[in-house]
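S.K.: So that you have it, the file is work-v2.csv, and it contains CSV, C-alpha atoms:
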```csv
chain,number,residue,atom,x,y,z
A,168,MET,CA,-3.8,18.8,10.1
A,169,ALA,CA,-2.5,17.0,7.0
A,170,LEU,CA,1.1,17.9,6.1
A,171,ARG,CA,2.2,17.9,2.4
A,172,ALA,CA,5.9,18.1,1.8
A,173,CYS,CA,7.8,18.0,-1.4
A,174,VAL,CA,11.1,16.1,-1.1
A,175,ARG,CA,13.1,18.8,-2.8
A,176,ASN,CA,11.8,21.5,-0.5
A,177,LEU,CA,12.2,19.6,2.8
A,178,ASN,CA,13.8,21.7,5.5
A,179,ARG,CA,14.4,18.6,7.5
A,180,LYS,CA,17.7,16.6,7.3
A,181,ILE,CA,17.4,13.6,5.0
A,182,ALA,CA,19.3,10.6,6.3
A,183,PRO,CA,22.7,10.2,4.7
A,184,ALA,CA,23.1,7.5,2.1
A,185,GLN,CA,25.2,5.2,4.4
A,186,TYR,CA,22.5,5.3,7.1
A,187,GLN,CA,19.8,4.6,4.5
A,188,ARG,CA,21.7,1.5,3.2
A,189,ALA,CA,22.0,0.2,6.8
A,190,LEU,CA,18.3,0.8,7.4
A,191,LEU,CA,17.3,-1.0,4.2
A,192,HIS,CA,19.5,-3.9,5.2
A,193,SER,CA,17.9,-3.9,8.6
A,194,HIS,CA,14.4,-3.9,7.1
A,195,ALA,CA,15.3,-6.8,4.7
A,196,THR,CA,16.6,-9.0,7.5
A,197,SER,CA,13.9,-8.3,10.1
A,198,PHE,CA,10.6,-9.9,10.9
A,199,GLY,CA,9.2,-7.3,13.3
A,200,PHE,CA,11.9,-6.8,15.9
A,201,LYS,CA,13.5,-10.2,15.2
A,202,ASP,CA,16.5,-10.7,12.9
A,203,VAL,CA,16.0,-13.3,10.2
A,204,ARG,CA,17.6,-14.4,7.0
A,205,GLU,CA,16.4,-12.6,3.9
A,206,GLU,CA,15.2,-15.8,2.3
A,207,GLU,CA,13.2,-16.6,5.4
A,208,LYS,CA,11.3,-13.3,5.7
A,209,SER,CA,8.9,-13.7,2.8
A,210,ARG,CA,7.8,-17.1,4.2
A,211,LEU,CA,7.2,-15.7,7.6
A,212,VAL,CA,5.2,-12.7,6.3
A,213,GLY,CA,3.2,-15.1,4.1
A,214,ASN,CA,2.3,-17.1,7.1
A,215,VAL,CA,1.1,-14.0,8.9
A,216,PHE,CA,-1.3,-13.0,6.1
A,217,SER,CA,-2.5,-16.5,5.5
A,218,SER,CA,-3.4,-16.6,9.2
A,219,VAL,CA,-5.2,-13.2,9.3
A,220,ALA,CA,-6.8,-13.3,5.8
A,221,SER,CA,-10.3,-14.4,7.0
A,222,SER,CA,-10.5,-11.7,9.7
A,223,TYR,CA,-8.6,-9.0,7.8
A,224,ASP,CA,-11.5,-6.6,7.2
A,225,LEU,CA,-12.9,-7.0,10.7
A,226,MET,CA,-9.5,-6.4,12.3
A,227,ASN,CA,-8.8,-3.3,10.1
A,228,ASP,CA,-12.1,-1.8,11.3
A,229,LEU,CA,-11.3,-2.6,15.0
A,230,MET,CA,-7.7,-1.4,14.9
A,231,SER,CA,-8.4,1.8,13.1
A,232,GLY,CA,-11.9,2.6,14.3
A,233,GLY,CA,-13.0,2.4,10.7
A,234,LEU,CA,-10.6,5.1,9.6
A,235,HIS,CA,-8.8,2.8,7.2
A,236,ARG,CA,-11.9,3.3,4.9
A,237,LEU,CA,-11.4,7.0,4.8
A,238,TRP,CA,-7.6,6.6,4.3
A,239,LYS,CA,-8.3,4.4,1.3
A,240,ASP,CA,-10.9,6.8,0.0
A,241,ARG,CA,-8.2,9.5,0.2
A,242,LEU,CA,-5.7,7.4,-1.7
A,243,VAL,CA,-8.2,6.8,-4.6
A,244,SER,CA,-9.2,10.5,-4.6
A,245,ASP,CA,-5.5,11.4,-5.0
A,246,LEU,CA,-5.2,8.9,-7.8
A,247,ASN,CA,-8.2,10.4,-9.6
A,248,PRO,CA,-8.8,7.5,-11.9
A,249,TYR,CA,-10.6,7.8,-15.2
A,250,PRO,CA,-12.4,5.6,-17.7
A,251,GLY,CA,-10.0,3.6,-19.7
A,252,ILE,CA,-7.2,3.6,-17.1
A,253,LYS,CA,-4.8,0.7,-16.9
A,254,HIS,CA,-4.1,0.4,-13.2
A,255,LEU,CA,-2.1,-1.9,-10.9
A,256,ASP,CA,-3.0,-2.3,-7.3
A,257,VAL,CA,-0.2,-4.3,-5.5
A,258,ALA,CA,-0.7,-6.2,-2.2
A,259,GLY,CA,-4.4,-5.5,-2.6
A,260,GLY,CA,-5.7,-9.0,-2.5
A,261,THR,CA,-8.9,-8.1,-0.5
A,262,GLY,CA,-10.0,-5.7,-3.2
A,263,ASP,CA,-10.5,-2.8,-0.9
A,264,VAL,CA,-8.6,-0.3,-3.1
A,265,ALA,CA,-9.6,-1.9,-6.4
A,266,PHE,CA,-13.3,-1.7,-5.7
A,267,ARG,CA,-13.0,2.0,-4.8
A,268,ILE,CA,-11.1,2.7,-8.0
A,269,LEU,CA,-13.8,0.9,-10.0
A,270,GLU,CA,-16.6,2.7,-8.3
A,271,ARG,CA,-14.8,6.0,-8.9
A,272,VAL,CA,-14.3,5.3,-12.6
A,273,SER,CA,-18.0,4.2,-12.9
A,274,SER,CA,-19.1,7.5,-11.3
A,275,VAL,CA,-17.2,9.7,-13.6
A,276,LYS,CA,-19.5,11.5,-16.0
A,277,TYR,CA,-18.2,11.6,-19.5
A,278,ARG,CA,-19.6,11.9,-23.0
A,279,ALA,CA,-19.4,9.1,-25.5
A,280,LEU,CA,-16.8,9.8,-28.2
A,281,GLN,CA,-17.7,9.7,-31.8
A,282,ASP,CA,-16.0,6.3,-32.4
A,283,ALA,CA,-16.6,4.8,-28.9
A,284,SER,CA,-19.7,4.3,-26.9
A,285,VAL,CA,-19.7,4.6,-23.1
A,286,ASP,CA,-19.7,0.8,-22.9
A,287,ASP,CA,-16.6,0.7,-25.1
A,288,LEU,CA,-14.8,3.0,-22.8
A,289,GLN,CA,-15.8,1.1,-19.7
A,290,GLU,CA,-14.5,-2.1,-21.4
A,291,GLU,CA,-11.1,-0.5,-21.8
A,292,THR,CA,-10.7,0.1,-18.1
A,293,LYS,CA,-8.4,-2.5,-16.5
A,294,ILE,CA,-7.7,-2.7,-12.7
A,295,TYR,CA,-5.1,-5.5,-11.9
A,296,VAL,CA,-5.2,-6.7,-8.3
A,297,CYS,CA,-1.8,-8.3,-7.6
A,298,ASP,CA,-1.0,-10.1,-4.4
A,299,ILE,CA,1.6,-12.7,-3.5
A,300,ASN,CA,-0.8,-14.4,-1.0
A,301,PRO,CA,-3.5,-16.6,-2.6
A,302,ASN,CA,-5.5,-16.5,0.6
A,303,MET,CA,-5.8,-12.8,0.5
A,304,LEU,CA,-6.8,-13.0,-3.2
A,305,ASN,CA,-9.5,-15.5,-2.3
A,306,VAL,CA,-10.9,-13.0,0.2
A,307,GLY,CA,-11.0,-10.4,-2.6
A,308,LYS,CA,-12.7,-12.7,-5.1
A,309,LYS,CA,-15.3,-13.7,-2.6
A,310,ARG,CA,-16.0,-10.0,-1.8
A,311,ALA,CA,-16.2,-9.3,-5.6
A,312,MET,CA,-18.8,-12.1,-5.9
A,313,GLU,CA,-20.8,-10.6,-3.0
A,314,ARG,CA,-20.8,-7.2,-4.7
A,315,GLY,CA,-21.9,-8.7,-8.0
A,316,LEU,CA,-18.5,-8.0,-9.6
A,317,ALA,CA,-17.4,-11.6,-10.2
A,318,GLU,CA,-17.9,-11.3,-13.9
A,319,GLN,CA,-16.6,-7.7,-14.1
A,320,LYS,CA,-14.1,-7.7,-16.9
A,321,SER,CA,-12.4,-4.6,-15.6
A,322,LEU,CA,-11.1,-6.5,-12.6
A,323,VAL,CA,-8.2,-8.9,-13.1
A,324,TRP,CA,-6.8,-10.9,-10.2
A,325,VAL,CA,-3.1,-11.8,-10.3
A,326,GLU,CA,-1.0,-13.8,-7.9
A,327,GLY,CA,2.4,-12.2,-8.1
A,328,ASP,CA,5.4,-10.8,-6.2
A,329,ALA,CA,5.8,-7.0,-5.9
A,330,GLU,CA,9.6,-7.4,-6.2
A,331,ALA,CA,9.3,-9.2,-9.5
A,332,LEU,CA,6.1,-8.2,-11.4
A,333,SER,CA,5.0,-10.1,-14.4
A,334,PHE,CA,3.7,-7.0,-16.2
A,335,ASP,CA,5.3,-5.4,-19.3
A,336,ASP,CA,7.4,-2.3,-19.1
A,337,GLU,CA,5.4,1.0,-19.3
A,338,SER,CA,2.1,-0.9,-19.3
A,339,MET,CA,0.3,0.9,-16.5
A,340,ASP,CA,-1.2,4.4,-16.0
A,341,GLY,CA,-1.2,4.1,-12.2
A,342,TYR,CA,0.2,2.1,-9.4
A,343,THR,CA,-1.1,1.8,-5.8
A,344,ILE,CA,0.1,-0.2,-2.8
A,345,ALA,CA,-1.8,0.2,0.5
A,346,PHE,CA,-0.5,-1.3,3.7
A,347,GLY,CA,1.8,-3.6,1.8
A,348,ILE,CA,5.2,-2.2,1.2
A,349,ARG,CA,6.4,-2.5,4.8
A,350,ASN,CA,6.0,-6.3,4.5
A,351,VAL,CA,8.2,-6.8,1.6
A,352,THR,CA,11.8,-7.9,1.9
A,353,HIS,CA,13.4,-5.4,-0.4
A,354,ILE,CA,11.6,-2.0,-0.6
A,355,GLU,CA,14.0,-0.7,-3.3
A,356,LYS,CA,13.1,-3.6,-5.6
A,357,VAL,CA,9.4,-2.9,-5.2
A,358,LEU,CA,9.9,0.8,-6.1
A,359,SER,CA,12.1,-0.2,-9.1
A,360,GLU,CA,9.4,-2.5,-10.4
A,361,ALA,CA,6.7,0.2,-9.8
A,362,TYR,CA,8.8,2.6,-11.9
A,363,ARG,CA,9.4,0.0,-14.6
A,364,VAL,CA,5.7,-0.9,-15.2
A,365,LEU,CA,4.4,2.7,-15.2
A,366,ARG,CA,4.1,4.7,-18.4
A,367,PRO,CA,5.6,8.2,-18.6
A,368,GLY,CA,3.1,10.4,-16.8
A,369,GLY,CA,2.0,7.4,-14.6
A,370,ARG,CA,1.6,8.0,-10.9
A,371,PHE,CA,2.9,5.9,-7.9
A,372,LEU,CA,0.9,6.1,-4.7
A,373,CYS,CA,1.6,4.4,-1.4
A,374,LEU,CA,-0.6,4.3,1.7
A,375,GLU,CA,1.3,3.0,4.7
A,376,LEU,CA,1.3,3.0,8.4
A,377,SER,CA,4.1,5.4,9.4
A,378,HIS,CA,5.8,7.3,12.2
A,379,VAL,CA,4.2,9.6,14.8
A,380,GLU,CA,6.6,12.2,16.2
A,381,VAL,CA,4.3,14.4,18.3
A,382,PRO,CA,5.5,13.6,21.8
A,383,VAL,CA,2.3,13.0,23.8
A,384,PHE,CA,0.4,11.5,20.9
A,385,LYS,CA,3.4,9.3,20.2
A,386,ASP,CA,3.3,7.8,23.7
A,387,LEU,CA,-0.4,7.1,23.4
A,388,TYR,CA,0.1,5.6,20.0
A,389,ASP,CA,2.9,3.4,21.2
A,390,PHE,CA,0.7,2.2,24.1
A,391,TYR,CA,-2.2,1.5,21.8
A,392,SER,CA,0.0,-0.3,19.3
A,393,PHE,CA,1.9,-2.6,21.6
A,394,SER,CA,-0.7,-3.2,24.4
A,395,VAL,CA,-4.1,-3.0,22.7
A,396,ILE,CA,-3.7,-4.2,19.1
A,397,PRO,CA,-2.1,-7.6,19.9
A,398,ALA,CA,-4.6,-8.2,22.7
A,399,VAL,CA,-7.5,-7.4,20.3
A,400,GLY,CA,-6.0,-9.7,17.7
A,401,GLU,CA,-5.8,-12.5,20.2
A,402,LEU,CA,-9.4,-12.0,21.4
A,403,VAL,CA,-10.9,-11.8,17.9
A,404,THR,CA,-8.7,-14.2,16.0
A,405,GLY,CA,-6.8,-16.2,18.6
A,406,ASP,CA,-3.6,-15.1,16.9
A,407,ARG,CA,-1.6,-12.6,19.0
A,408,ASN,CA,1.7,-13.2,17.3
A,409,SER,CA,0.6,-12.0,13.9
A,410,TYR,CA,-0.6,-8.7,15.2
A,411,GLN,CA,2.5,-8.3,17.4
A,412,TYR,CA,4.5,-8.6,14.1
A,413,LEU,CA,2.3,-6.1,12.4
A,414,VAL,CA,2.9,-3.3,15.0
A,415,GLU,CA,6.6,-4.1,15.2
A,416,SER,CA,6.9,-4.0,11.4
A,417,ILE,CA,5.6,-0.4,11.5
A,418,ARG,CA,8.5,0.7,13.7
A,419,ARG,CA,11.1,-1.0,11.4
A,420,PHE,CA,9.7,0.8,8.4
A,421,PRO,CA,11.6,3.9,7.2
A,422,SER,CA,10.5,7.3,8.3
A,423,GLN,CA,8.4,9.5,6.0
A,424,ASP,CA,11.4,11.5,4.9
A,425,VAL,CA,13.7,8.5,4.3
A,426,PHE,CA,11.0,6.7,2.4
A,427,ALA,CA,10.3,9.8,0.2
A,428,SER,CA,14.0,9.9,-0.6
A,429,MET,CA,13.9,6.2,-1.6
A,430,ILE,CA,11.0,6.9,-4.0
A,431,ALA,CA,13.0,9.7,-5.6
A,432,ASP,CA,16.1,7.4,-5.8
A,433,ALA,CA,13.9,5.0,-7.8
A,434,GLY,CA,13.5,7.6,-10.5
A,435,PHE,CA,10.3,9.3,-9.6
A,436,GLN,CA,9.8,13.0,-9.8
A,437,LYS,CA,7.7,15.4,-7.8
A,438,VAL,CA,7.8,13.1,-4.8
A,439,GLU,CA,5.7,14.2,-1.9
A,440,TYR,CA,3.9,12.8,1.1
A,441,GLU,CA,0.9,13.7,3.3
A,442,ASN,CA,0.6,12.7,6.9
A,443,LEU,CA,-2.8,11.7,8.2
A,444,VAL,CA,-3.8,11.5,11.9
A,445,GLY,CA,-0.4,13.0,12.9
A,446,GLY,CA,1.6,10.5,10.9
A,447,VAL,CA,-0.2,7.3,12.0
A,448,VAL,CA,-0.5,6.8,8.2
A,449,ALA,CA,1.1,8.6,5.3
A,450,ILE,CA,0.4,8.8,1.6
A,451,HIS,CA,3.5,9.0,-0.6
A,452,SER,CA,3.3,9.8,-4.3
A,453,GLY,CA,5.6,10.3,-7.2
A,454,LEU,CA,5.4,10.7,-11.0
A,455,LYS,CA,7.3,8.9,-13.7
A,456,ILE,CA,8.2,11.6,-16.2
```
Please re-express this file's structure in structure tokens.
M.R.:
Amino acid sequence: MALRACVRNLNRKIAPAQYQRALLHSHATSFGFKDVREEEKSRLVGNVFSSVASSYDLMNDLMSGGLHRLWKDRLVSDLNPYPGIKHLDVAGGTGDVAFRILERVSSVKYRALQDASVDDLQEETKIYVCDINPNMLNVGKKRAMERGLAEQKSLVWVEGDAEALSFDDESMDGYTIAFGIRNVTHIEKVLSEAYRVLRPGGRFLCLELSHVEVPVFKDLYDFYSFSVIPAVGELVTGDRNSYQYLVESIRRFPSQDVFASMIADAGFQKVEYENLVGGVVAIHSGLKI
């Protein structure tokens, strides 16, 4: 069952600040379970996603049994986008989340206003897909072309760094990042940038692989993660190492509670999270007020 927990009402113990700082440093200087220099991490992660870009969709289906589609549907449902929204989807190069947002906006039934036709309102909608990896963006653009969305003015593709966004302050109504934040070097910089570009009232949403704590399920999940996923990656793509990194990076990512406290520290209010499939993934959210 999904668990929704507000940070300010958590009965669990939030990790002390000193521990959080140590954990953040550890994440910034790790590539999976390996210790690396901070300046080296982004290059290594970039190599991983350049390697897996062409098989990204297939492997997501195989690794999650297709559940990643439902998780992304849930993320967009929580966002509840509307015609005219200015939205930023970060680390979303393949377009999976952006396409869902666009479909959701297109399906919303609304009346034309006196001074604006339905077409005018659709024209105002902007969904910016930002990814640091050009190979992932190329996958998304190809998928957009296959869907007949290549000329869609509402979709804007941007090559950019989540830790140093090129967008103006308070320029976005919404911000999503799905399966991307655990791969950055400095999580706190990503959260700070998310807060900066959101307008007051804007919502931050993060879908990420997280931590399972149910004892028996955790053992099964660990076996699947470390024994099955790298083997499938090697069989399908010939690249075991990239998928070994992906499962290791999950274990180095902060727990749900710690990550929630980091979102709150970035300035967001009403921070909460929802565990899906026992914590295999979690959706964290916060409001800029």
S.K.: Just the residues within 8 Å of region 271-274 of chain A, please, counting all atoms listed in the file, with nothing from its chain fewer than 3 positions along; format it as a list in words.
M.R.: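 Answer for this query is Val243, Asn247, Pro248, Tyr249, Pro250, Arg267, Ile268 and Gln289 of chain A.
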S.K.: Point out the residue among A:Ala311, A:Val379, A:Val264, A:Val275 with the least atom-to-atom distance to Gly347 (chain A), counting all atoms listed in the file.
M.R.: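 Smallest separation from Gly347 (chain A) among the options: A:Val264.
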S.K.: How many Å separate CA of Met303 (chain A) from CA of Asn227 (chain A)?
M.R.: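 Computing it gives 13.8 Å between the two atoms.
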S.K.: For each of A:Met339, A:Gly259, A:Ile344, A:Arg370, take the minimum atom-to-atom distance to Glu326 (chain A), counting all atoms listed in the file, then give the residue where this is smallest.
M.R.: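 Between A:Met339, A:Gly259, A:Ile344, A:Arg370, the residue approaching Glu326 (chain A) most closely is A:Gly259.
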S.K.: Nearest residue to Phe420 (chain A) out of A:Ser377, A:Ser221, A:Ser359, A:Thr343, using only C-alpha atoms?
M.R.: A:Ser377
S.K.: Go through A:His235, A:Ala265, A:Ile294, A:Leu374 and flag the residue nearest Ala345 (chain A), using all atoms listed in the file for the distances.
M.R.: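 Among the listed residues, the smallest separation from Ala345 (chain A) belongs to A:Leu374.
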S.K.: In terms of the shortest atom-to-atom distance over all atoms listed in the file, which of A:Ala431, A:Leu358, A:Ile252, A:Leu332 is closest to Cys373 (chain A)?
M.R.: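 Of all the options, A:Leu358 lies closest to Cys373 (chain A).
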S.K.: Report as a list in words all protein, DNA and RNA residues lying within 9 Å of Gly341 (chain A), evaluated on all atoms listed in the file, omitting residues in the same chain fewer than 5 positions from it.
M.R.: Leu246, Pro248, Ile252, Lys253, His254, Leu255, Asp256, Leu365, Arg366, Gly368, Gly369, Arg370, Phe371 and Leu372 of chain A
S.K.: What is the distance, in Å and to one decimal place, between CA of Leu225 (chain A) and CA of Gly327 (chain A)?
M.R.: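 Result for CA of Leu225 (chain A) versus CA of Gly327 (chain A): 24.8 Å, one decimal.
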S.K.: CA of Val425 (chain A) and CA of Gly445 (chain A), how far apart in Å?
M.R.: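 That distance, rounded to one decimal, is 17.1 Å.
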S.K.: Between A:Lys455, A:Lys293, A:Arg314, A:Arg349, which one has atoms that come closest to Tyr412 (chain A), using only C-alpha atoms?
M.R.: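 Distance minimum relative to Tyr412 (chain A) lands on A:Arg349.
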S.K.: List the neighbours of Ile430 (chain A) out to 8 Å using all atoms listed in the file; skip same-chain residues closer than 5 positions along the sequence, and give me the result as a PyMOL selection string.
M.R.: chain A and resi 358+435+438+453
S.K.: Can you tell me, as a PyMOL selection string, what residues are no more than 8 Å from Arg310 (chain A) when counting all atoms listed in the file, ignoring any on the same chain fewer than 3 positions away?
M.R.: chain A and resi 261-262+306-307+313-314
S.K.: Excluding Lys385 (chain A) and residues on its chain fewer than 5 positions from it, collect all residues at most 10 Å away from it, counting all atoms listed in the file, and give them as a PDB file with C-alpha atoms, keeping the file's coordinate frame.
M.R.:
```
ATOM      1  CA  HIS A 378       5.800   7.300  12.200  1.00  0.00           C
ATOM      2  CA  VAL A 379       4.200   9.600  14.800  1.00  0.00           C
ATOM      3  CA  GLU A 380       6.600  12.200  16.200  1.00  0.00           C
ATOM      4  CA  PHE A 390       0.700   2.200  24.100  1.00  0.00           C
ATOM      5  CA  TYR A 391      -2.200   1.500  21.800  1.00  0.00           C
ATOM      6  CA  GLY A 445      -0.400  13.000  12.900  1.00  0.00           C
ATOM      7  CA  GLY A 446       1.600  10.500  10.900  1.00  0.00           C
ATOM      8  CA  VAL A 447      -0.200   7.300  12.000  1.00  0.00           C
TER       9      VAL A 447
END
```
